[in-house]
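Q: Okay, so here is my_file38.cif, and as you'll see once you scroll down, it has mmCIF, C-alpha atoms.
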data_coords
#
loop_
_atom_site.group_PDB
_atom_site.id
_atom_site.type_symbol
_atom_site.label_atom_id
_atom_site.label_comp_id
_atom_site.auth_asym_id
_atom_site.auth_seq_id
_atom_site.Cartn_x
_atom_site.Cartn_y
_atom_site.Cartn_z
ATOM 1 C CA GLN A 1 -35.030 76.296 -54.017
ATOM 2 C CA VAL A 2 -32.307 74.655 -56.116
ATOM 3 C CA ALA A 3 -32.209 71.640 -53.798
ATOM 4 C CA LYS A 4 -36.022 71.288 -53.700
ATOM 5 C CA PRO A 5 -36.299 68.563 -56.402
ATOM 6 C CA ILE A 6 -33.678 66.342 -54.761
ATOM 7 C CA ARG A 7 -35.229 66.875 -51.321
ATOM 8 C CA LEU A 8 -38.611 65.904 -52.767
ATOM 9 C CA ILE A 9 -37.170 62.752 -54.328
ATOM 10 C CA SER A 10 -35.636 61.926 -50.939
ATOM 11 C CA THR A 11 -39.104 62.296 -49.438
ATOM 12 C CA PHE A 12 -40.422 59.995 -52.153
ATOM 13 C CA LEU A 13 -37.781 57.376 -51.296
ATOM 14 C CA HIS A 14 -38.701 57.750 -47.611
ATOM 15 C CA GLU A 15 -42.380 57.100 -48.347
ATOM 16 C CA MET A 16 -41.588 54.328 -50.838
ATOM 17 C CA SER A 17 -39.512 52.661 -48.109
ATOM 18 C CA HIS A 18 -42.549 52.644 -45.823
ATOM 19 C CA ALA A 19 -44.611 51.165 -48.666
ATOM 20 C CA THR A 20 -41.991 48.515 -49.467
ATOM 21 C CA ALA A 21 -41.791 47.440 -45.818
ATOM 22 C CA CYS A 22 -45.575 47.265 -45.746
ATOM 23 C CA TRP A 23 -45.705 45.053 -48.843
ATOM 24 C CA LEU A 24 -42.882 42.824 -47.569
ATOM 25 C CA THR A 25 -44.718 42.230 -44.286
ATOM 26 C CA GLY A 26 -48.074 41.436 -45.887
ATOM 27 C CA GLY A 27 -49.745 44.835 -45.618
ATOM 28 C CA ASP A 28 -51.769 46.752 -48.164
ATOM 29 C CA VAL A 29 -50.715 50.241 -49.293
ATOM 30 C CA LYS A 30 -53.639 52.592 -49.919
ATOM 31 C CA ALA A 31 -51.837 55.828 -50.843
ATOM 32 C CA ILE A 32 -48.343 57.271 -51.258
ATOM 33 C CA ARG A 33 -48.104 61.042 -51.265
ATOM 34 C CA VAL A 34 -45.311 63.617 -51.355
ATOM 35 C CA PHE A 35 -46.134 67.237 -50.542
ATOM 36 C CA HIS A 36 -44.529 70.426 -51.836
ATOM 37 C CA ASN A 37 -43.379 71.296 -48.285
ATOM 38 C CA GLU A 38 -41.073 68.217 -48.414
ATOM 39 C CA GLY A 39 -43.378 66.153 -46.229
ATOM 40 C CA GLY A 40 -45.093 62.952 -47.183
ATOM 41 C CA VAL A 41 -47.411 60.212 -46.034
ATOM 42 C CA THR A 42 -47.950 56.554 -46.800
ATOM 43 C CA GLN A 43 -51.376 55.231 -45.873
ATOM 44 C CA TYR A 44 -51.591 51.491 -45.370
ATOM 45 C CA THR A 45 -53.369 48.716 -43.520
ATOM 46 C CA GLY A 46 -51.857 45.595 -42.056
ATOM 47 C CA GLY A 47 -48.211 44.714 -42.165
ATOM 48 C CA TRP A 48 -45.740 44.643 -39.330
ATOM 49 C CA ARG A 49 -45.519 48.177 -37.896
ATOM 50 C CA CYS A 50 -42.313 47.266 -36.076
ATOM 51 C CA LEU A 51 -40.587 47.281 -39.487
ATOM 52 C CA ILE A 52 -42.796 49.751 -41.353
ATOM 53 C CA ILE A 53 -42.297 52.686 -38.950
ATOM 54 C CA PRO A 54 -38.467 52.852 -39.082
ATOM 55 C CA ALA A 55 -38.387 51.914 -42.773
ATOM 56 C CA GLY A 56 -38.796 55.531 -43.932
ATOM 57 C CA TYR A 57 -35.536 57.022 -42.704
ATOM 58 C CA VAL A 58 -33.585 53.771 -42.637
ATOM 59 C CA GLY A 59 -34.857 52.734 -46.079
ATOM 60 C CA CYS A 60 -34.020 56.077 -47.667
ATOM 61 C CA SER A 61 -30.454 55.758 -46.334
ATOM 62 C CA PHE A 62 -30.305 52.151 -47.524
ATOM 63 C CA PHE A 63 -31.446 53.046 -51.052
ATOM 64 C CA ALA A 64 -28.830 55.820 -51.148
ATOM 65 C CA MET A 65 -26.152 53.238 -50.272
ATOM 66 C CA VAL A 66 -27.435 50.875 -52.972
ATOM 67 C CA PHE A 67 -27.290 53.690 -55.569
ATOM 68 C CA VAL A 68 -23.672 54.425 -54.621
ATOM 69 C CA ILE A 69 -22.717 50.744 -54.844
ATOM 70 C CA LEU A 70 -24.494 50.186 -58.163
ATOM 71 C CA SER A 71 -22.975 53.312 -59.734
ATOM 72 C CA GLY A 72 -19.700 51.426 -60.231
ATOM 73 C CA GLY A 73 -20.513 49.883 -63.597
ATOM 74 C CA ARG A 74 -22.529 50.558 -66.722
ATOM 75 C CA LYS A 75 -24.869 47.574 -66.335
ATOM 76 C CA THR A 76 -25.359 48.014 -62.594
ATOM 77 C CA ALA A 77 -26.038 51.735 -62.991
ATOM 78 C CA THR A 78 -28.573 50.922 -65.712
ATOM 79 C CA PHE A 79 -30.188 48.376 -63.398
ATOM 80 C CA ALA A 80 -30.401 50.950 -60.578
ATOM 81 C CA ALA A 81 -31.869 53.604 -62.889
ATOM 82 C CA THR A 82 -34.386 51.126 -64.333
ATOM 83 C CA VAL A 83 -35.575 49.891 -60.929
ATOM 84 C CA PHE A 84 -35.801 53.494 -59.704
ATOM 85 C CA THR A 85 -37.882 54.454 -62.752
ATOM 86 C CA ILE A 86 -40.183 51.450 -62.213
ATOM 87 C CA ALA A 87 -40.620 52.476 -58.554
ATOM 88 C CA LEU A 88 -41.452 56.045 -59.611
ATOM 89 C CA LEU A 89 -44.099 54.851 -62.062
ATOM 90 C CA THR A 90 -45.480 52.116 -59.765
ATOM 91 C CA ALA A 91 -46.051 54.643 -56.976
ATOM 92 C CA LEU A 92 -48.364 56.569 -59.298
ATOM 93 C CA CYS A 93 -50.865 53.707 -58.925
ATOM 94 C CA TYR A 94 -51.371 54.515 -55.224
ATOM 95 C CA SER A 95 -53.523 57.664 -55.068
ATOM 96 C CA PRO A 96 -50.732 60.187 -55.588
ATOM 97 C CA ASN A 97 -51.252 63.902 -55.147
ATOM 98 C CA ARG A 98 -50.376 66.459 -57.835
ATOM 99 C CA THR A 99 -46.876 67.186 -56.497
ATOM 100 C CA MET A 100 -45.992 63.516 -56.581
ATOM 101 C CA VAL A 101 -47.372 63.034 -60.095
ATOM 102 C CA TYR A 102 -45.191 65.874 -61.427
ATOM 103 C CA LEU A 103 -42.194 64.740 -59.387
ATOM 104 C CA ASN A 104 -42.395 61.095 -60.404
ATOM 105 C CA LEU A 105 -43.109 61.710 -64.079
ATOM 106 C CA GLY A 106 -40.328 64.307 -64.228
ATOM 107 C CA TYR A 107 -37.740 62.026 -62.642
ATOM 108 C CA ALA A 108 -38.898 59.038 -64.724
ATOM 109 C CA ILE A 109 -38.378 61.069 -67.914
ATOM 110 C CA ILE A 110 -34.960 62.223 -66.673
ATOM 111 C CA MET A 111 -33.864 58.674 -65.817
ATOM 112 C CA ILE A 112 -35.108 57.233 -69.126
ATOM 113 C CA THR A 113 -33.304 60.039 -70.972
ATOM 114 C CA PHE A 114 -30.022 59.256 -69.199
ATOM 115 C CA ILE A 115 -30.425 55.521 -69.892
ATOM 116 C CA VAL A 116 -30.895 56.258 -73.603
ATOM 117 C CA ILE A 117 -27.927 58.656 -73.633
ATOM 118 C CA GLU A 118 -25.786 56.052 -71.839
ATOM 119 C CA TRP A 119 -26.531 53.228 -74.262
ATOM 120 C CA PHE A 120 -26.858 55.097 -77.571
ATOM 121 C CA LEU A 121 -25.001 58.408 -77.428
ATOM 122 C CA TYR A 122 -22.382 58.820 -74.728
ATOM 123 C CA SER A 123 -20.888 56.696 -71.986
ATOM 124 C CA PRO A 124 -20.236 56.955 -69.041
ATOM 125 C CA ILE A 125 -22.876 59.384 -67.870
ATOM 126 C CA LEU A 126 -25.458 57.195 -66.123
ATOM 127 C CA GLN A 127 -22.916 56.010 -63.565
ATOM 128 C CA PHE A 128 -22.340 59.617 -62.493
ATOM 129 C CA VAL A 129 -26.071 60.324 -62.323
ATOM 130 C CA VAL A 130 -26.717 57.249 -60.142
ATOM 131 C CA LEU A 131 -23.712 58.133 -57.952
ATOM 132 C CA PHE A 132 -25.008 61.697 -57.611
ATOM 133 C CA PHE A 133 -28.426 60.424 -56.494
ATOM 134 C CA GLY A 134 -26.840 58.035 -54.011
ATOM 135 C CA VAL A 135 -24.565 60.592 -52.400
ATOM 136 C CA VAL A 136 -27.034 63.475 -52.305
ATOM 137 C CA VAL A 137 -29.991 61.374 -51.126
ATOM 138 C CA GLY A 138 -27.732 59.885 -48.426
ATOM 139 C CA ILE A 139 -26.703 63.351 -47.231
ATOM 140 C CA VAL A 140 -30.320 64.561 -47.270
ATOM 141 C CA ALA A 141 -31.383 61.445 -45.322
ATOM 142 C CA ILE A 142 -28.769 62.077 -42.635
ATOM 143 C CA SER A 143 -29.756 65.747 -42.475
ATOM 144 C CA ASP A 144 -33.465 64.886 -42.238
ATOM 145 C CA ILE A 145 -32.902 62.278 -39.524
ATOM 146 C CA HIS A 146 -30.870 64.802 -37.542
ATOM 147 C CA GLY A 147 -33.385 67.615 -37.945
ATOM 148 C CA ASP A 148 -36.590 65.589 -37.638
ATOM 149 C CA THR A 149 -35.705 63.048 -34.953
ATOM 150 C CA VAL A 150 -32.564 64.017 -33.042
ATOM 151 C CA MET A 151 -32.946 67.786 -32.642
ATOM 152 C CA ARG A 152 -36.686 67.648 -32.042
ATOM 153 C CA ALA A 153 -39.244 64.923 -31.563
ATOM 154 C CA VAL A 154 -42.504 65.973 -33.141
ATOM 155 C CA GLU A 155 -45.543 64.028 -32.017
ATOM 156 C CA GLY A 156 -46.710 62.057 -35.036
ATOM 157 C CA SER A 157 -43.200 61.701 -36.477
ATOM 158 C CA ASP A 158 -41.691 58.317 -37.268
ATOM 159 C CA SER A 159 -39.382 58.390 -34.237
ATOM 160 C CA HIS A 160 -42.252 59.313 -31.941
ATOM 161 C CA ALA A 161 -44.404 56.515 -33.391
ATOM 162 C CA CYS A 162 -41.492 54.106 -32.962
ATOM 163 C CA TYR A 163 -41.168 55.211 -29.322
ATOM 164 C CA ALA A 164 -44.903 54.909 -28.674
ATOM 165 C CA GLU A 165 -45.529 51.593 -30.447
ATOM 166 C CA VAL A 166 -42.306 49.656 -30.887
ATOM 167 C CA CYS A 167 -39.720 50.651 -28.305
ATOM 168 C CA PRO A 168 -41.234 52.510 -25.318
ATOM 169 C CA CYS A 169 -37.991 52.156 -23.365
ATOM 170 C CA CYS A 170 -36.136 54.417 -25.820
ATOM 171 C CA LEU A 171 -36.961 58.136 -26.177
ATOM 172 C CA PRO A 172 -37.647 59.454 -29.713
ATOM 173 C CA GLN A 173 -34.313 61.327 -29.783
ATOM 174 C CA CYS A 174 -32.460 58.107 -28.863
ATOM 175 C CA ILE A 175 -34.222 56.323 -31.689
ATOM 176 C CA GLY A 176 -33.156 59.173 -33.984
ATOM 177 C CA VAL A 177 -29.531 58.782 -32.873
ATOM 178 C CA GLN A 178 -29.696 55.066 -33.721
ATOM 179 C CA TRP A 179 -31.152 55.840 -37.150
ATOM 180 C CA ILE A 180 -28.527 58.495 -37.871
ATOM 181 C CA MET A 181 -25.727 56.103 -36.918
ATOM 182 C CA LEU A 182 -27.210 53.526 -39.280
ATOM 183 C CA ALA A 183 -27.523 56.123 -42.065
ATOM 184 C CA ILE A 184 -23.881 57.174 -41.622
ATOM 185 C CA PHE A 185 -22.824 53.509 -41.670
ATOM 186 C CA PHE A 186 -24.746 52.992 -44.914
ATOM 187 C CA GLN A 187 -22.981 55.960 -46.525
ATOM 188 C CA LEU A 188 -19.563 54.764 -45.381
ATOM 189 C CA PHE A 189 -20.290 51.205 -46.535
ATOM 190 C CA GLY A 190 -21.537 52.425 -49.915
ATOM 191 C CA GLY A 191 -18.450 54.540 -50.472
#
Write the structure described by the file as structure tokens, please.

A:
Amino acid sequence: QVAKPIRLISTFLHEMSHATACWLTGGDVKAIRVFHNEGGVTQYTGGWRCLIIPAGYVGCSFFAMVFVILSGGRKTATFAATVFTIALLTALCYSPNRTMVYLNLGYAIIMITFIVIEWFLYSPILQFVVLFFGVVVGIVAISDIHGDTVMRAVEGSDSHACYAEVCPCCLPQCIGVQWIMLAIFFQLFGG
């Protein structure tokens, strides 16, 4: 239960990665939702599914790497925390469910509080917070990829959709292995 909030924020980053890929490829996001059971869904139309489908796991790992890299300085950590807070609040405009509203508002308040503490009360603290998010979200992403795509391939999962629609020559578990290798590379590169 202690790890639940960070696992939920990892789910949020997963779903936000799908949404970002959708927007970048010309699609339209209808809803972003995170559920209490650590699942989530992004409903969208249009866009390039070849990039949107893998964007969840790969994007979550990528954002974790970016957090680790940006944690190195006061200004870069503030930039990372600000962009993260904007993403949390922006996602609330896309039909969120109750869990996501509480999650996003809670984390936005936490991030704003740490930004204020960093710039007006005590420094360095924000760098450690951003580093913590980067490392823990990266570990959760690797764990989720392993559990959700390598150990089992659930019909309807991202790896199964990737197998069915994007790369029919590669089994869902093989796609999961590729994603986990990429996630590990991102963590090593960020460190």

Q: Need the shell around segment 33-36 of chain A: protein/DNA/RNA residues with any atom at most 12 Å away, counting all atoms listed in the file. Skip same-chain ones fewer than 4 positions apart. Format as a compact mmCIF listing (two decimals) with C-alpha atoms, in the coordinates of the input?

A:
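Once written, result_24.txt looks like this:
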# COMPACT_ATOMS: atom_id res chain seq x y z
CA GLN A 1 -35.03 76.30 -54.02
CA LYS A 4 -36.02 71.29 -53.70
CA PRO A 5 -36.30 68.56 -56.40
CA ILE A 6 -33.68 66.34 -54.76
CA ARG A 7 -35.23 66.88 -51.32
CA LEU A 8 -38.61 65.90 -52.77
CA ILE A 9 -37.17 62.75 -54.33
CA SER A 10 -35.64 61.93 -50.94
CA THR A 11 -39.10 62.30 -49.44
CA PHE A 12 -40.42 60.00 -52.15
CA LEU A 13 -37.78 57.38 -51.30
CA HIS A 14 -38.70 57.75 -47.61
CA GLU A 15 -42.38 57.10 -48.35
CA MET A 16 -41.59 54.33 -50.84
CA HIS A 18 -42.55 52.64 -45.82
CA ALA A 19 -44.61 51.16 -48.67
CA VAL A 29 -50.72 50.24 -49.29
CA GLY A 40 -45.09 62.95 -47.18
CA VAL A 41 -47.41 60.21 -46.03
CA THR A 42 -47.95 56.55 -46.80
CA GLN A 43 -51.38 55.23 -45.87
CA TYR A 44 -51.59 51.49 -45.37
CA LEU A 88 -41.45 56.04 -59.61
CA ALA A 91 -46.05 54.64 -56.98
CA LEU A 92 -48.36 56.57 -59.30
CA CYS A 93 -50.86 53.71 -58.92
CA TYR A 94 -51.37 54.52 -55.22
CA SER A 95 -53.52 57.66 -55.07
CA PRO A 96 -50.73 60.19 -55.59
CA ASN A 97 -51.25 63.90 -55.15
CA ARG A 98 -50.38 66.46 -57.84
CA THR A 99 -46.88 67.19 -56.50
CA MET A 100 -45.99 63.52 -56.58
CA VAL A 101 -47.37 63.03 -60.10
CA TYR A 102 -45.19 65.87 -61.43
CA LEU A 103 -42.19 64.74 -59.39
CA ASN A 104 -42.40 61.10 -60.40

Q: Quick one: contact table of segment 21-61 of chain A to segment 134-149 of chain A, 7 Å max, nearest atom pair and distance in Å to one decimal per residue, counting all atoms listed in the file, chain and number order, as JSON lines?

A:
{"residue": "A:Tyr57", "atom": "CA", "partner": "A:Ala141", "partner_atom": "CA", "distance": 6.6}
{"residue": "A:Cys60", "atom": "CA", "partner": "A:Ala141", "partner_atom": "CA", "distance": 6.4}
{"residue": "A:Ser61", "atom": "CA", "partner": "A:Gly138", "partner_atom": "CA", "distance": 5.4}

Q: Applying 10 Å and only C-alpha atoms, which residues near segment 164-176 of chain A remain after dropping the ones on its own chain fewer than 2 positions away? List them as a PDB file with C-alpha atoms, in the frame of the given file.

A:
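What ended up in selection.pdb:
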ATOM      1  CA  ARG A  49     -45.519  48.177 -37.896  1.00  0.00           C
ATOM      2  CA  CYS A  50     -42.313  47.266 -36.076  1.00  0.00           C
ATOM      3  CA  LEU A  51     -40.587  47.281 -39.487  1.00  0.00           C
ATOM      4  CA  ILE A  53     -42.297  52.686 -38.950  1.00  0.00           C
ATOM      5  CA  PRO A  54     -38.467  52.852 -39.082  1.00  0.00           C
ATOM      6  CA  TYR A  57     -35.536  57.022 -42.704  1.00  0.00           C
ATOM      7  CA  ILE A 145     -32.902  62.278 -39.524  1.00  0.00           C
ATOM      8  CA  HIS A 146     -30.870  64.802 -37.542  1.00  0.00           C
ATOM      9  CA  GLY A 147     -33.385  67.615 -37.945  1.00  0.00           C
ATOM     10  CA  ASP A 148     -36.590  65.589 -37.638  1.00  0.00           C
ATOM     11  CA  THR A 149     -35.705  63.048 -34.953  1.00  0.00           C
ATOM     12  CA  VAL A 150     -32.564  64.017 -33.042  1.00  0.00           C
ATOM     13  CA  MET A 151     -32.946  67.786 -32.642  1.00  0.00           C
ATOM     14  CA  ARG A 152     -36.686  67.648 -32.042  1.00  0.00           C
ATOM     15  CA  ALA A 153     -39.244  64.923 -31.563  1.00  0.00           C
ATOM     16  CA  VAL A 154     -42.504  65.973 -33.141  1.00  0.00           C
ATOM     17  CA  GLU A 155     -45.543  64.028 -32.017  1.00  0.00           C
ATOM     18  CA  GLY A 156     -46.710  62.057 -35.036  1.00  0.00           C
ATOM     19  CA  SER A 157     -43.200  61.701 -36.477  1.00  0.00           C
ATOM     20  CA  ASP A 158     -41.691  58.317 -37.268  1.00  0.00           C
ATOM     21  CA  SER A 159     -39.382  58.390 -34.237  1.00  0.00           C
ATOM     22  CA  HIS A 160     -42.252  59.313 -31.941  1.00  0.00           C
ATOM     23  CA  ALA A 161     -44.404  56.515 -33.391  1.00  0.00           C
ATOM     24  CA  CYS A 162     -41.492  54.106 -32.962  1.00  0.00           C
ATOM     25  CA  GLN A 178     -29.696  55.066 -33.721  1.00  0.00           C
ATOM     26  CA  TRP A 179     -31.152  55.840 -37.150  1.00  0.00           C
ATOM     27  CA  ILE A 180     -28.527  58.495 -37.871  1.00  0.00           C
ATOM     28  CA  MET A 181     -25.727  56.103 -36.918  1.00  0.00           C
ATOM     29  CA  LEU A 182     -27.210  53.526 -39.280  1.00  0.00           C
TER      30      LEU A 182
END

Q: Report as JSON lines: every residue of segment 67-90 of chain A with an atom at most 9 Å from segment 108-112 of chain A, its closest pair of atoms, and their distance in Å to one decimal, counting only C-alpha atoms, with rows sorted by chain and ascending residue number.

A:
{"residue": "A:Ala81", "atom": "CA", "partner": "A:Met111", "partner_atom": "CA", "distance": 6.2}
{"residue": "A:Thr82", "atom": "CA", "partner": "A:Met111", "partner_atom": "CA", "distance": 7.7}
{"residue": "A:Phe84", "atom": "CA", "partner": "A:Ala108", "partner_atom": "CA", "distance": 8.1}
{"residue": "A:Thr85", "atom": "CA", "partner": "A:Ala108", "partner_atom": "CA", "distance": 5.1}
{"residue": "A:Ile86", "atom": "CA", "partner": "A:Ala108", "partner_atom": "CA", "distance": 8.1}
{"residue": "A:Leu88", "atom": "CA", "partner": "A:Ala108", "partner_atom": "CA", "distance": 6.5}
{"residue": "A:Leu89", "atom": "CA", "partner": "A:Ala108", "partner_atom": "CA", "distance": 7.2}

Q: Okay, now the selection with C-alpha atoms, as a PDB file, keeping the file's coordinate frame?

A:
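Dumped everything to again20.pdb:
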ATOM      1  CA  ALA A  81     -31.869  53.604 -62.889  1.00  0.00           C
ATOM      2  CA  THR A  82     -34.386  51.126 -64.333  1.00  0.00           C
ATOM      3  CA  PHE A  84     -35.801  53.494 -59.704  1.00  0.00           C
ATOM      4  CA  THR A  85     -37.882  54.454 -62.752  1.00  0.00           C
ATOM      5  CA  ILE A  86     -40.183  51.450 -62.213  1.00  0.00           C
ATOM      6  CA  LEU A  88     -41.452  56.045 -59.611  1.00  0.00           C
ATOM      7  CA  LEU A  89     -44.099  54.851 -62.062  1.00  0.00           C
TER       8      LEU A  89
END

Q: Evaluate the PyMOL selection byres ((chain A and resi 27) around 9) against this structure - the residues, as a list of chain:residue names, please.

A: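 Written out, the selection comes to A:Ala19, A:Ala21, A:Cys22, A:Trp23, A:Leu24, A:Thr25, A:Gly26, A:Asp28, A:Val29, A:Tyr44, A:Thr45, A:Gly46, A:Gly47, A:Trp48.
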
Q: Grab all the atoms of segment 53-59 of chain A that the file lists, wrap them in a box along x, y and z, add 8 Å per side, and give me centre plus edge lengths in Å (one decimal) as AutoDock Vina command-line options.

A:
--center_x -37.9 --center_y 54.5 --center_z -42.5 --size_x 24.7 --size_y 21.1 --size_z 23.1

Q: With distances taken over all atoms listed in the file, which residue among A:Ile184, A:Phe114, A:Ser17, A:Val83 lies nearest Ile52 of chain A?

A: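 Going through A:Ile184, A:Phe114, A:Ser17, A:Val83 one by one, the smallest distance to Ile52 of chain A is for A:Ser17.
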
Q: Could you tell me which residues the PyMOL selection byres ((chain A and resi 68) around 9) grabs in this file, written as a count of residues only?

A: 18
